[in-house]
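Below you'll find the structure, written out as structure tokens, and then a few comments.
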Amino acid sequence: MTALIAHRLEAGYGARRVLRGLDLTLEPGGLIALVGPNGAGKSTLLRALAGLIRPTNGGVTLDDVDVLSMSRAALASRIAVVPQTFDTLFPFTVREIVALGRTARLSLFARPARSDQEAVERAISDQDLSLLAGRRIDALSGGERQRVVLAMALAQEADVLLLDEPTAHLDPSHQRSVLLEVGELARTRSVIALAVLHDLNLAALADRVIVLRDGSLQADGPPALALSAGVVGQVFGDGLAVTQVEGRTVVLPR
Amino acid sequence: MSRAAPAFVVLAILLPVSVVVGILIGAVPIAPGDVLGAIFGAGDTATGVIVRDLRLPRVIAATLVGGALAVAGTLLQGLFRNPLADPYVTGTSAGGALGAVAVIAIGGDMSGAVVPVAAFAGALVSALGVWQLSRLGGRTTVLTVLLAGIVLTSFAGAMITLLLFLSDRLALRLRAILDILGGGVAVRSTGELVVAAVVIAIGLVLAVVLGRRIDAFVFGEETAATLGVDPDRTTIAVIAAAALLTGAAVALAGLVGFVGLVVPHALRPIVGAGHRTLALASFLAGASVLVLADTGARSVIAPAELPVGVLTGLVGAPFFLFLLVRARRREIA
């Protein structure tokens, strides 16, 4: 089984230490939510897991191979990242953007193979974008563009899907459906899916919640445990109340 | 490619038509039949000299320069994710001009590869400089690219002026230097034309090969990396290709502004944003545009000639302003 593992991971920018010796094992099956206050190191952890930054200490392995020892192309066919910003001034079509997910698998000269085209079309229909496939991305709404970049990452057909605030541009009902869908995908296709989330109530929809504070792990487990009143009070302060509604954890401002 | 196919048909017709127009029209009226005869060596000597030694090389040079600048503009716009970038406004052309003027001022051979190589070196240093400056804030914005371009253009301008004051050979070579600064297509030797053609062909092939990787930069360098593209290596390769194209263009025609900016910008809505297709279409369109502009520059105040850079500047600068205002309105600059 695929495993993405952080070993005593330390990382930072210049003199600023962001991650302070983190041990974490991620495995397929269900959605994993990564939460924590601003500046806790969520995005830094995501970037380190994706091999985008060089840790100052420790490291990240994918199936026992250091991610930094893999080529960009090899890494892209294993780990896909859904970016947080996706503004462009260029009139790429939706299909062209989704096809960027196949970049790593194309040689410099070859035309896309049948398997590439199939992966693109599957990602487009999975994200309900068939009617928009020929439209220009700069003419779409924020929510539609969010689905396009998600489809781009799905087209990579990677074993690991890392999502940086994938719900920021979506209305509440789409936020819920996107997360449930990613969780379903993680279960059925045996993918490791980790999403950085701000909204604790969305995190409560996940199968596993990782709580980060000041670059260290504060809690890791099912929502009922990781988002218990004790943990939430300790990590986010006493401005939040935790309660249960219909068997699900709900966090509200006091 | 499908939505671009009709545009390619039009562009493939436009270029030869432009070339024919460029050869037919000039300060001395020559009948079309005589022009055709002169190309194949017939006719009287004066007509032969005008057509074979003046018009033909100049039209070929304008084709190469316009195509090269438009492809360089496509590359720089894609790399900086910025529809306002081109060799001229990023200071890449100015760096190339400084290199070319420097070797001319110190008495370098003007017939072969010396001027193009010097222009390439200057363009490469400038483009690398813009890239580094534009990353200072961690994030490449439209305005930092333009500001970096202003800094480099001013510096190159000051250095050129300094060289003009220091050089004692200038009296003999002032014409060549004025051609570079004013943006006039001037073919000083067949050797220079051949060198430029080879360099531009290499630049065009690189642009087409790199096209798909440049597409992956659409959401930034980090996303390009997660899509499987090595951002630093690709950036260096794209900058080198843009510098080859710009250097060759500057060696032949000096500072011709805005062709590299306007052509890819105008083509994008028609052929799409994919950089492979856009680079090819930009070459054809840029070549046609500059051949026609140069024909205009040779004709408007005949028998005197305007440098074509004056014409592209008069048309291109207001267009650039229009794009800038629109970009500011959309709050992306």
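Letters A, B, ... go to the chains of the structure tokens in the order shown; residues in each chain start at 1; ligands are counted from 1 in the same order.
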Practice task
Would you give me, as a ChimeraX atom specification, the residues of chain B that come within 8 Å of chain A, using only C-alpha atoms?
Solution key: /B:81-83,209-210,212-213,215-216,218-219,222-223,225-230,268-269,272-274
Put those residues in a file: C-alpha atoms, as a PDB file, in the first residue's frame.
ATOM      1  CA  ARG B  81       2.339  35.101 -17.418  1.00  0.00           C
ATOM      2  CA  ASN B  82       2.002  38.642 -18.597  1.00  0.00           C
ATOM      3  CA  PRO B  83       0.430  39.819 -21.856  1.00  0.00           C
ATOM      4  CA  VAL B 209       9.638  22.348 -28.411  1.00  0.00           C
ATOM      5  CA  LEU B 210       9.240  24.312 -25.159  1.00  0.00           C
ATOM      6  CA  ARG B 212       3.880  22.755 -23.888  1.00  0.00           C
ATOM      7  CA  ARG B 213       6.099  23.336 -20.861  1.00  0.00           C
ATOM      8  CA  ASP B 215       1.706  26.235 -20.957  1.00  0.00           C
ATOM      9  CA  ALA B 216       2.302  24.535 -17.588  1.00  0.00           C
ATOM     10  CA  VAL B 218      -0.088  29.271 -16.492  1.00  0.00           C
ATOM     11  CA  PHE B 219      -0.730  29.159 -12.719  1.00  0.00           C
ATOM     12  CA  GLU B 222       5.127  26.105  -8.300  1.00  0.00           C
ATOM     13  CA  THR B 223       2.172  24.589 -10.154  1.00  0.00           C
ATOM     14  CA  ALA B 225       6.670  22.013 -10.852  1.00  0.00           C
ATOM     15  CA  THR B 226       3.779  19.892  -9.551  1.00  0.00           C
ATOM     16  CA  LEU B 227       2.744  19.252 -13.165  1.00  0.00           C
ATOM     17  CA  GLY B 228       6.168  17.746 -13.805  1.00  0.00           C
ATOM     18  CA  VAL B 229       8.098  20.646 -15.335  1.00  0.00           C
ATOM     19  CA  ASP B 230      11.417  21.715 -13.832  1.00  0.00           C
ATOM     20  CA  ARG B 268      -4.269  34.609 -28.792  1.00  0.00           C
ATOM     21  CA  PRO B 269      -8.071  34.994 -29.051  1.00  0.00           C
ATOM     22  CA  GLY B 272      -5.777  29.955 -28.639  1.00  0.00           C
ATOM     23  CA  ALA B 273      -3.356  30.370 -25.755  1.00  0.00           C
ATOM     24  CA  GLY B 274      -1.293  27.169 -26.244  1.00  0.00           C
TER      25      GLY B 274
END
Practice task
Please report, as a VMD selection string, each residue of range 99-297 of chain B to which DSSP assigns alpha helix (DSSP H) when run on this structure's backbone.
Solution key: chain B and resid 99 to 105 114 to 134 142 to 166 170 to 182 190 to 215 221 to 226 231 to 253 259 to 271 275 to 297
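Atom pair CA of Val250 in chain A / CA of Val182 in chain A has a distance of 20.7 Å (rounded to one decimal).
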Practice task
List the neighbours of Val101 in chain B out to 12 Å using only C-alpha atoms; skip same-chain residues closer than 6 positions along the sequence, and give me the result as a PyMOL selection string.
Solution key: chain B and resi 94-95+107-110+114-119+122+156-157+159-164+167+169-170+173-181+250-251+254-255
